[in-house]
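Student: Got structure-v3.pdb for you, PDB, C-alpha atoms:
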ATOM      1  CA  MET N   1     119.190 108.077  98.117
ATOM      2  CA  ALA N   2     116.368 109.876  96.309
ATOM      3  CA  LEU N   3     113.682 107.574  94.909
ATOM      4  CA  ARG N   4     112.226 109.500  91.998
ATOM      5  CA  ARG N   5     111.590 106.869  89.321
ATOM      6  CA  PHE N   6     109.299 104.147  90.689
ATOM      7  CA  VAL N   7     108.313 101.252  88.441
ATOM      8  CA  ALA N   8     105.985  98.457  89.628
ATOM      9  CA  LEU N   9     105.942  95.034  87.925
ATOM     10  CA  GLY N  10     103.698  92.034  88.441
ATOM     11  CA  ASP N  11     100.166  90.687  88.295
ATOM     12  CA  SER N  12      96.816  91.585  89.901
ATOM     13  CA  PHE N  13      98.451  92.069  93.309
ATOM     14  CA  THR N  14     100.400  95.063  91.987
ATOM     15  CA  GLU N  15      97.881  96.211  89.385
ATOM     16  CA  GLY N  16      95.522  96.935  92.289
ATOM     17  CA  VAL N  17      92.668  94.477  91.754
ATOM     18  CA  GLY N  18      90.251  94.527  94.690
ATOM     19  CA  ASP N  19      90.711  98.264  95.329
ATOM     20  CA  ALA N  20      88.093  99.652  92.975
ATOM     21  CA  ASP N  21      88.369 103.189  91.605
ATOM     22  CA  PRO N  22      86.439 103.806  88.354
ATOM     23  CA  THR N  23      88.311 107.082  87.761
ATOM     24  CA  ARG N  24      91.640 105.285  87.230
ATOM     25  CA  PRO N  25      92.954 103.081  84.405
ATOM     26  CA  ASN N  26      91.553  99.516  84.570
ATOM     27  CA  GLY N  27      89.189 100.741  87.311
ATOM     28  CA  VAL N  28      91.540 100.121  90.232
ATOM     29  CA  ARG N  29      93.927 101.964  92.559
ATOM     30  CA  GLY N  30      95.981  99.591  94.739
ATOM     31  CA  TRP N  31      98.945  99.669  97.076
ATOM     32  CA  ALA N  32     101.472 100.720  94.418
ATOM     33  CA  ASP N  33      99.470 103.860  93.616
ATOM     34  CA  ARG N  34      99.356 104.629  97.324
ATOM     35  CA  VAL N  35     103.120 104.221  97.663
ATOM     36  CA  ALA N  36     103.696 106.439  94.621
ATOM     37  CA  GLU N  37     101.337 109.096  95.944
ATOM     38  CA  GLU N  38     103.143 109.143  99.262
ATOM     39  CA  LEU N  39     106.543 109.390  97.567
ATOM     40  CA  ALA N  40     105.221 112.293  95.486
ATOM     41  CA  ARG N  41     103.878 114.021  98.571
ATOM     42  CA  LEU N  42     107.390 113.960  99.984
ATOM     43  CA  ASP N  43     109.141 114.801  96.690
ATOM     44  CA  PRO N  44     107.323 116.511  93.775
ATOM     45  CA  GLU N  45     109.905 115.156  91.284
ATOM     46  CA  VAL N  46     108.700 111.551  91.637
ATOM     47  CA  GLY N  47     107.562 109.686  88.525
ATOM     48  CA  TYR N  48     105.596 106.432  88.612
ATOM     49  CA  ALA N  49     104.884 103.623  86.137
ATOM     50  CA  ASN N  50     102.810 100.508  86.800
ATOM     51  CA  LEU N  51     103.254  97.734  84.240
ATOM     52  CA  ALA N  52     101.404  95.019  86.189
ATOM     53  CA  ILE N  53      98.467  93.182  84.615
ATOM     54  CA  ARG N  54      96.128  90.759  86.337
ATOM     55  CA  GLY N  55      96.347  87.060  85.585
ATOM     56  CA  LYS N  56      99.937  87.119  84.351
ATOM     57  CA  LYS N  57     102.215  84.206  85.175
ATOM     58  CA  LEU N  58     105.833  84.832  86.101
ATOM     59  CA  PRO N  59     107.330  84.144  82.641
ATOM     60  CA  GLN N  60     104.787  86.528  81.119
ATOM     61  CA  VAL N  61     105.603  89.222  83.649
ATOM     62  CA  LEU N  62     109.305  88.928  82.881
ATOM     63  CA  ASP N  63     108.903  88.623  79.089
ATOM     64  CA  GLU N  64     106.487  91.549  78.821
ATOM     65  CA  GLN N  65     107.511  93.885  81.622
ATOM     66  CA  LEU N  66     111.181  93.495  82.563
ATOM     67  CA  ASP N  67     112.808  95.159  79.542
ATOM     68  CA  ARG N  68     110.190  97.895  79.543
ATOM     69  CA  ALA N  69     110.937  98.564  83.196
ATOM     70  CA  LEU N  70     114.699  98.664  82.650
ATOM     71  CA  ALA N  71     114.239 101.116  79.776
ATOM     72  CA  LEU N  72     112.570 103.531  82.206
ATOM     73  CA  GLU N  73     115.798 103.607  84.273
ATOM     74  CA  PRO N  74     114.058 103.274  87.646
ATOM     75  CA  ASP N  75     115.722 103.889  90.985
ATOM     76  CA  LEU N  76     112.925 101.973  92.769
ATOM     77  CA  VAL N  77     111.402  98.740  91.450
ATOM     78  CA  THR N  78     108.835  96.441  93.018
ATOM     79  CA  LEU N  79     108.294  92.919  91.706
ATOM     80  CA  TYR N  80     105.659  90.395  92.701
ATOM     81  CA  ALA N  81     104.993  87.371  90.485
ATOM     82  CA  GLY N  82     104.654  83.612  90.733
ATOM     83  CA  ALA N  83     101.372  83.054  92.565
ATOM     84  CA  ASN N  84      99.458  82.453  89.328
ATOM     85  CA  ASP N  85     102.020  79.797  88.373
ATOM     86  CA  ILE N  86     101.851  78.030  91.738
ATOM     87  CA  LEU N  87      98.072  77.791  91.480
ATOM     88  CA  ARG N  88      98.298  75.796  88.234
ATOM     89  CA  PRO N  89      97.897  71.993  88.486
ATOM     90  CA  LYS N  90     101.589  71.456  87.691
ATOM     91  CA  VAL N  91     104.523  73.765  88.359
ATOM     92  CA  ASP N  92     108.316  73.426  88.598
ATOM     93  CA  ILE N  93     108.977  75.835  91.470
ATOM     94  CA  ASP N  94     112.759  75.518  91.244
ATOM     95  CA  ALA N  95     112.768  76.390  87.535
ATOM     96  CA  LEU N  96     110.333  79.213  88.205
ATOM     97  CA  VAL N  97     112.531  80.791  90.854
ATOM     98  CA  THR N  98     115.668  80.318  88.728
ATOM     99  CA  ARG N  99     114.071  82.566  86.114
ATOM    100  CA  TYR N 100     112.925  84.954  88.844
ATOM    101  CA  ASP N 101     116.437  85.071  90.309
ATOM    102  CA  GLU N 102     117.955  86.022  86.957
ATOM    103  CA  ALA N 103     115.464  88.867  86.551
ATOM    104  CA  VAL N 104     116.072  90.178  90.050
ATOM    105  CA  GLY N 105     119.800  90.084  89.339
ATOM    106  CA  ARG N 106     119.285  92.280  86.268
ATOM    107  CA  LEU N 107     117.209  94.758  88.251
ATOM    108  CA  ALA N 108     119.630  94.878  91.172
ATOM    109  CA  ALA N 109     122.610  95.345  88.837
ATOM    110  CA  THR N 110     121.224  98.738  87.775
ATOM    111  CA  GLY N 111     121.704 100.079  91.296
ATOM    112  CA  ALA N 112     117.965 100.519  91.801
ATOM    113  CA  VAL N 113     116.365  99.728  95.130
ATOM    114  CA  VAL N 114     114.436  96.498  94.541
ATOM    115  CA  VAL N 115     111.500  95.394  96.700
ATOM    116  CA  LEU N 116     110.334  91.771  96.555
ATOM    117  CA  PHE N 117     107.424  90.016  98.257
ATOM    118  CA  THR N 118     106.701  86.572  99.561
ATOM    119  CA  ALA N 119     103.239  85.187  98.860
ATOM    120  CA  PHE N 120     100.394  85.190 101.357
ATOM    121  CA  ASP N 121      99.933  82.198 103.655
ATOM    122  CA  PRO N 122      96.779  80.476 102.290
ATOM    123  CA  GLY N 123      96.288  78.218 105.312
ATOM    124  CA  GLY N 124      92.668  78.417 106.380
ATOM    125  CA  PHE N 125      91.451  79.646 102.988
ATOM    126  CA  PRO N 126      89.368  76.837 101.438
ATOM    127  CA  LEU N 127      90.138  77.482  97.778
ATOM    128  CA  PHE N 128      93.934  77.682  98.154
ATOM    129  CA  GLY N 129      94.713  76.014 101.498
ATOM    130  CA  ALA N 130      95.653  72.697  99.879
ATOM    131  CA  MET N 131      98.545  74.470  98.125
ATOM    132  CA  ARG N 132     100.051  75.874 101.320
ATOM    133  CA  GLY N 133     103.130  73.670 101.005
ATOM    134  CA  ARG N 134     103.834  74.936  97.504
ATOM    135  CA  PHE N 135     103.628  78.532  98.680
ATOM    136  CA  ALA N 136     105.912  77.817 101.638
ATOM    137  CA  ILE N 137     108.596  76.383  99.339
ATOM    138  CA  TYR N 138     108.253  79.271  96.891
ATOM    139  CA  ASN N 139     108.510  81.803  99.709
ATOM    140  CA  GLU N 140     111.679  80.307 101.135
ATOM    141  CA  LEU N 141     113.293  80.442  97.711
ATOM    142  CA  VAL N 142     112.184  84.069  97.306
ATOM    143  CA  ARG N 143     113.804  84.888 100.654
ATOM    144  CA  GLU N 144     117.049  83.355  99.355
ATOM    145  CA  VAL N 145     116.844  85.479  96.198
ATOM    146  CA  ALA N 146     116.289  88.609  98.284
ATOM    147  CA  GLU N 147     119.306  87.798 100.448
ATOM    148  CA  ARG N 148     121.538  86.977  97.485
ATOM    149  CA  HIS N 149     120.799  90.238  95.671
ATOM    150  CA  ARG N 150     120.458  92.346  98.831
ATOM    151  CA  THR N 151     116.976  93.545  97.976
ATOM    152  CA  ARG N 152     114.285  94.701 100.364
ATOM    153  CA  LEU N 153     111.631  92.114 101.222
ATOM    154  CA  VAL N 154     108.019  92.470 102.320
ATOM    155  CA  ASP N 155     107.266  89.124 103.956
ATOM    156  CA  PHE N 156     103.564  88.897 103.172
ATOM    157  CA  TRP N 157     103.469  85.366 104.630
ATOM    158  CA  ARG N 158     104.130  86.812 108.095
ATOM    159  CA  LEU N 159     101.610  89.681 107.978
ATOM    160  CA  ARG N 160      99.027  87.987 110.162
ATOM    161  CA  GLU N 161      96.455  90.781 109.994
ATOM    162  CA  TYR N 162      95.573  89.388 106.556
ATOM    163  CA  ARG N 163      93.954  86.451 108.340
ATOM    164  CA  ASP N 164      90.999  88.806 108.789
ATOM    165  CA  ALA N 165      88.523  88.248 105.947
ATOM    166  CA  ARG N 166      87.744  91.972 105.918
ATOM    167  CA  MET N 167      91.170  92.616 104.393
ATOM    168  CA  TRP N 168      90.024  90.763 101.283
ATOM    169  CA  ASP N 169      87.703  91.619  98.410
ATOM    170  CA  VAL N 170      84.390  89.831  97.843
ATOM    171  CA  ASP N 171      86.153  87.448  95.443
ATOM    172  CA  ARG N 172      88.283  86.232  98.412
ATOM    173  CA  MET N 173      91.311  86.194  96.094
ATOM    174  CA  HIS N 174      92.460  89.806  96.041
ATOM    175  CA  MET N 175      93.093  92.341  98.763
ATOM    176  CA  ALA N 176      90.305  94.820  99.419
ATOM    177  CA  THR N 177      90.985  98.522  99.983
ATOM    178  CA  PRO N 178      92.122  98.044 103.622
ATOM    179  CA  GLY N 179      94.466  95.276 102.463
ATOM    180  CA  HIS N 180      96.016  97.484  99.786
ATOM    181  CA  GLN N 181      96.433 100.313 102.297
ATOM    182  CA  ARG N 182      98.188  97.964 104.728
ATOM    183  CA  MET N 183     100.472  96.687 101.947
ATOM    184  CA  ALA N 184     101.428 100.242 101.002
ATOM    185  CA  ILE N 185     102.395 100.824 104.633
ATOM    186  CA  ALA N 186     104.503  97.649 104.607
ATOM    187  CA  VAL N 187     106.353  98.733 101.451
ATOM    188  CA  LEU N 188     107.061 102.232 102.765
ATOM    189  CA  ASP N 189     108.196 100.789 106.084
ATOM    190  CA  VAL N 190     110.624  98.348 104.450
ATOM    191  CA  LEU N 191     112.035 101.278 102.472
ATOM    192  CA  GLY N 192     112.510 103.212 105.715
ATOM    193  CA  ILE N 193     110.442 106.143 104.467
ATOM    194  CA  ASP N 194     108.533 108.341 106.897
ATOM    195  CA  HIS N 195     104.958 108.495 105.693
ATOM    196  CA  ALA N 196     101.477 109.579 106.674
ATOM    197  CA  LEU N 197      99.584 106.350 105.901
ATOM    198  CA  VAL N 198      97.664 104.587 108.657
ATOM    199  CA  PRO N 199      95.612 101.366 108.562
ATOM    200  CA  LEU N 200      92.031 101.879 107.444
ATOM    201  CA  GLU N 201      89.145 101.058 109.739
ATOM    202  CA  LEU N 202      87.694  97.666 108.886
ATOM    203  CA  PRO N 203      83.973  97.387 108.156
ATOM    204  CA  VAL N 204      81.608  95.900 110.708
ATOM    205  CA  VAL N 205      80.338  92.523 109.499
ATOM    206  CA  PRO N 206      76.890  91.531 110.764
ATOM    207  CA  GLU N 207      76.447  88.097 112.276
ATOM    208  CA  ARG N 208      75.004  85.526 109.912
ATOM    209  CA  SER N 209      73.118  82.337 110.484
ATOM    210  CA  ARG N 210      74.482  79.069 109.132
ATOM    211  CA  ARG N 211      71.889  79.194 106.405
ATOM    212  CA  GLU N 212      72.923  82.704 105.397
ATOM    213  CA  ALA N 213      76.600  81.720 105.424
ATOM    214  CA  ARG N 214      75.914  78.708 103.198
ATOM    215  CA  ALA N 215      73.941  80.861 100.769
ATOM    216  CA  GLU N 216      76.744  83.410 100.692
ATOM    217  CA  ASN N 217      79.319  80.707 100.017
ATOM    218  CA  LEU N 218      77.219  79.292  97.189
ATOM    219  CA  ASP N 219      76.917  82.746  95.625
ATOM    220  CA  TRP N 220      80.697  83.134  95.883
ATOM    221  CA  VAL N 221      81.305  79.808  94.134
ATOM    222  CA  LYS N 222      79.024  80.794  91.263
ATOM    223  CA  ALA N 223      80.276  84.375  90.910
ATOM    224  CA  HIS N 224      84.010  83.969  91.565
ATOM    225  CA  ALA N 225      85.384  80.472  92.199
ATOM    226  CA  ALA N 226      83.797  78.750  89.189
ATOM    227  CA  PRO N 227      84.890  81.427  86.678
ATOM    228  CA  TRP N 228      88.402  81.350  88.162
ATOM    229  CA  VAL N 229      88.620  77.566  87.705
ATOM    230  CA  ARG N 230      87.166  77.840  84.189
ATOM    231  CA  ARG N 231      89.873  80.334  83.179
ATOM    232  CA  ARG N 232      92.578  77.979  84.452
ATOM    233  CA  LEU N 233      91.125  75.081  82.487
ATOM    234  CA  THR N 234      90.790  77.081  79.272
ATOM    235  CA  GLY N 235      94.117  78.918  79.524
ATOM    236  CA  THR N 236      92.471  82.345  79.482
ATOM    237  CA  SER N 237      93.064  85.279  81.800
ATOM    238  CA  SER N 238      91.033  88.177  83.121
ATOM    239  CA  GLY N 239      93.874  90.432  81.953
ATOM    240  CA  ASP N 240      94.078  89.222  78.351
ATOM    241  CA  ALA N 241      92.558  92.416  76.907
ATOM    242  CA  LEU N 242      94.217  94.871  79.289
ATOM    243  CA  GLU N 243      97.188  97.186  78.864
ATOM    244  CA  PRO N 244      99.485  98.428  81.656
ATOM    245  CA  ARG N 245      97.818 101.090  83.748
ATOM    246  CA  TYR N 246     100.741 103.494  83.526
ATOM    247  CA  ALA N 247     103.194 102.414  80.826
ATOM    248  CA  VAL N 248     105.454 105.467  81.161
ATOM    249  CA  LEU N 249     106.626 107.480  84.134
ATOM    250  CA  ARG N 250     104.085 110.052  85.273
ATOM    251  CA  ARG N 251     103.454 112.136  88.336
ATOM    252  CA  PRO N 252     101.175 110.220  90.724
ATOM    253  CA  SER N 253      97.804 111.765  91.521
ATOM    254  CA  SER N 254      95.823 111.055  94.681
TER     255      SER N 254
END
Take the structure in the file and give it back as structure tokens.
Tutor:
Amino acid sequence: MALRRFVALGDSFTEGVGDADPTRPNGVRGWADRVAEELARLDPEVGYANLAIRGKKLPQVLDEQLDRALALEPDLVTLYAGANDILRPKVDIDALVTRYDEAVGRLAATGAVVVLFTAFDPGGFPLFGAMRGRFAIYNELVREVAERHRTRLVDFWRLREYRDARMWDVDRMHMATPGHQRMAIAVLDVLGIDHALVPLELPVVPERSRREARAENLDWVKAHAAPWVRRRLTGTSSGDALEPRYAVLRRPSS
């Protein structure tokens, strides 16, 4: 089946946060752009829309993006959402996934190829490690949704190369460029598409003393962790003033 109308839905994961590119809308590139570019390399008729916006919770993603995506009549849809909900102090995961399941059912009913994702395993990551159980429950429910609707699934939880800190941006919350490249490979692989993408070489990290590591951690708390917590407490989002990067289908550009 030809995949010529690719629409990506979600939050910062799909918007491309962590993969900086000042020449692109919202200043990022990301794995979805890479997938679209590879599809276009193989087929010049491919169109691509990316409706994802950072900071969005799952109900917001569905309320703001689902109908817009369906109106574009895609034959390939990717959907990642829910992590921002799970990170809140209180969340009803069963209710969350019930809503998610209904949306996936609508997408799958169109005949489009649908790609879903589990969330990353946060074990070993100080800021999110305490919520590992929540993510494990959410992921198992996502796997059930994928099976029920016969979608494709990228099982992010099981991609162990993301245990390497070099796959992550300086904020330690979003994938860096090598992480986005690896995710694009995973998506193309689960679609069974021959592609030319290869993992990027990871940067060499110099050894640091304990004192240097402590100073670096303190800088991270001030620059990234504290603002993230503040946004959760105030109900604001880093994406509040942003629009979708590509609201209509367009030819991808590398």
Student: Taking a cut-off of 12 Å and counting only C-alpha atoms, can you build a table that, for each residue of region 43-118 of chain N near region 178-185 of chain N, reports the nearest atom pair and how far apart they are in Å (one decimal), sorted by chain then residue number, as CSV?
Tutor:
residue,atom,partner,partner_atom,distance
N:Thr78,CA,N:Ala184,CA,11.5
N:Val115,CA,N:Ala184,CA,12.0
N:Phe117,CA,N:Met183,CA,10.3
Student: Could you write out as a PDB file with C-alpha atoms, keeping the file's coordinate frame the residues that the PyMOL selection byres ((chain N and resi 45-51) around 9) matches in the shown file?
Tutor:
ATOM      1  CA  LEU N   3     113.682 107.574  94.909  1.00  0.00           C
ATOM      2  CA  ARG N   4     112.226 109.500  91.998  1.00  0.00           C
ATOM      3  CA  ARG N   5     111.590 106.869  89.321  1.00  0.00           C
ATOM      4  CA  PHE N   6     109.299 104.147  90.689  1.00  0.00           C
ATOM      5  CA  VAL N   7     108.313 101.252  88.441  1.00  0.00           C
ATOM      6  CA  ALA N   8     105.985  98.457  89.628  1.00  0.00           C
ATOM      7  CA  LEU N   9     105.942  95.034  87.925  1.00  0.00           C
ATOM      8  CA  GLY N  10     103.698  92.034  88.441  1.00  0.00           C
ATOM      9  CA  ASP N  11     100.166  90.687  88.295  1.00  0.00           C
ATOM     10  CA  THR N  14     100.400  95.063  91.987  1.00  0.00           C
ATOM     11  CA  GLU N  15      97.881  96.211  89.385  1.00  0.00           C
ATOM     12  CA  ALA N  32     101.472 100.720  94.418  1.00  0.00           C
ATOM     13  CA  ASP N  33      99.470 103.860  93.616  1.00  0.00           C
ATOM     14  CA  ALA N  36     103.696 106.439  94.621  1.00  0.00           C
ATOM     15  CA  GLU N  37     101.337 109.096  95.944  1.00  0.00           C
ATOM     16  CA  LEU N  39     106.543 109.390  97.567  1.00  0.00           C
ATOM     17  CA  ALA N  40     105.221 112.293  95.486  1.00  0.00           C
ATOM     18  CA  ARG N  41     103.878 114.021  98.571  1.00  0.00           C
ATOM     19  CA  LEU N  42     107.390 113.960  99.984  1.00  0.00           C
ATOM     20  CA  ASP N  43     109.141 114.801  96.690  1.00  0.00           C
ATOM     21  CA  PRO N  44     107.323 116.511  93.775  1.00  0.00           C
ATOM     22  CA  ALA N  52     101.404  95.019  86.189  1.00  0.00           C
ATOM     23  CA  ILE N  53      98.467  93.182  84.615  1.00  0.00           C
ATOM     24  CA  VAL N  61     105.603  89.222  83.649  1.00  0.00           C
ATOM     25  CA  GLU N  64     106.487  91.549  78.821  1.00  0.00           C
ATOM     26  CA  GLN N  65     107.511  93.885  81.622  1.00  0.00           C
ATOM     27  CA  ARG N  68     110.190  97.895  79.543  1.00  0.00           C
ATOM     28  CA  ALA N  69     110.937  98.564  83.196  1.00  0.00           C
ATOM     29  CA  LEU N  72     112.570 103.531  82.206  1.00  0.00           C
ATOM     30  CA  GLU N 243      97.188  97.186  78.864  1.00  0.00           C
ATOM     31  CA  PRO N 244      99.485  98.428  81.656  1.00  0.00           C
ATOM     32  CA  ARG N 245      97.818 101.090  83.748  1.00  0.00           C
ATOM     33  CA  TYR N 246     100.741 103.494  83.526  1.00  0.00           C
ATOM     34  CA  ALA N 247     103.194 102.414  80.826  1.00  0.00           C
ATOM     35  CA  VAL N 248     105.454 105.467  81.161  1.00  0.00           C
ATOM     36  CA  LEU N 249     106.626 107.480  84.134  1.00  0.00           C
ATOM     37  CA  ARG N 250     104.085 110.052  85.273  1.00  0.00           C
ATOM     38  CA  ARG N 251     103.454 112.136  88.336  1.00  0.00           C
ATOM     39  CA  PRO N 252     101.175 110.220  90.724  1.00  0.00           C
TER      40      PRO N 252
END
Student: Report, in Å to a single decimal, how far apart CA of Leu191 (chain N) and CA of Leu107 (chain N) are.
Tutor: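 So the two atoms, CA of Leu107 (chain N) and CA of Leu191 (chain N), lie 16.5 Å apart.
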Student: Calculate how many Å separate CA of Arg34 (chain N) from CA of Phe13 (chain N), rounding to one decimal.
Tutor: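 Interatomic distance here is 13.2 Å.
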Student: Env of region 151-154 of chain N: 9 Å cut, atoms = all atoms listed in the file, seq-sep filter 6 positions within chain, self excluded. Answer as a ChimeraX atom specification.
Tutor: /N:104,108,113-118,142-143,145,183,186-187,190-191
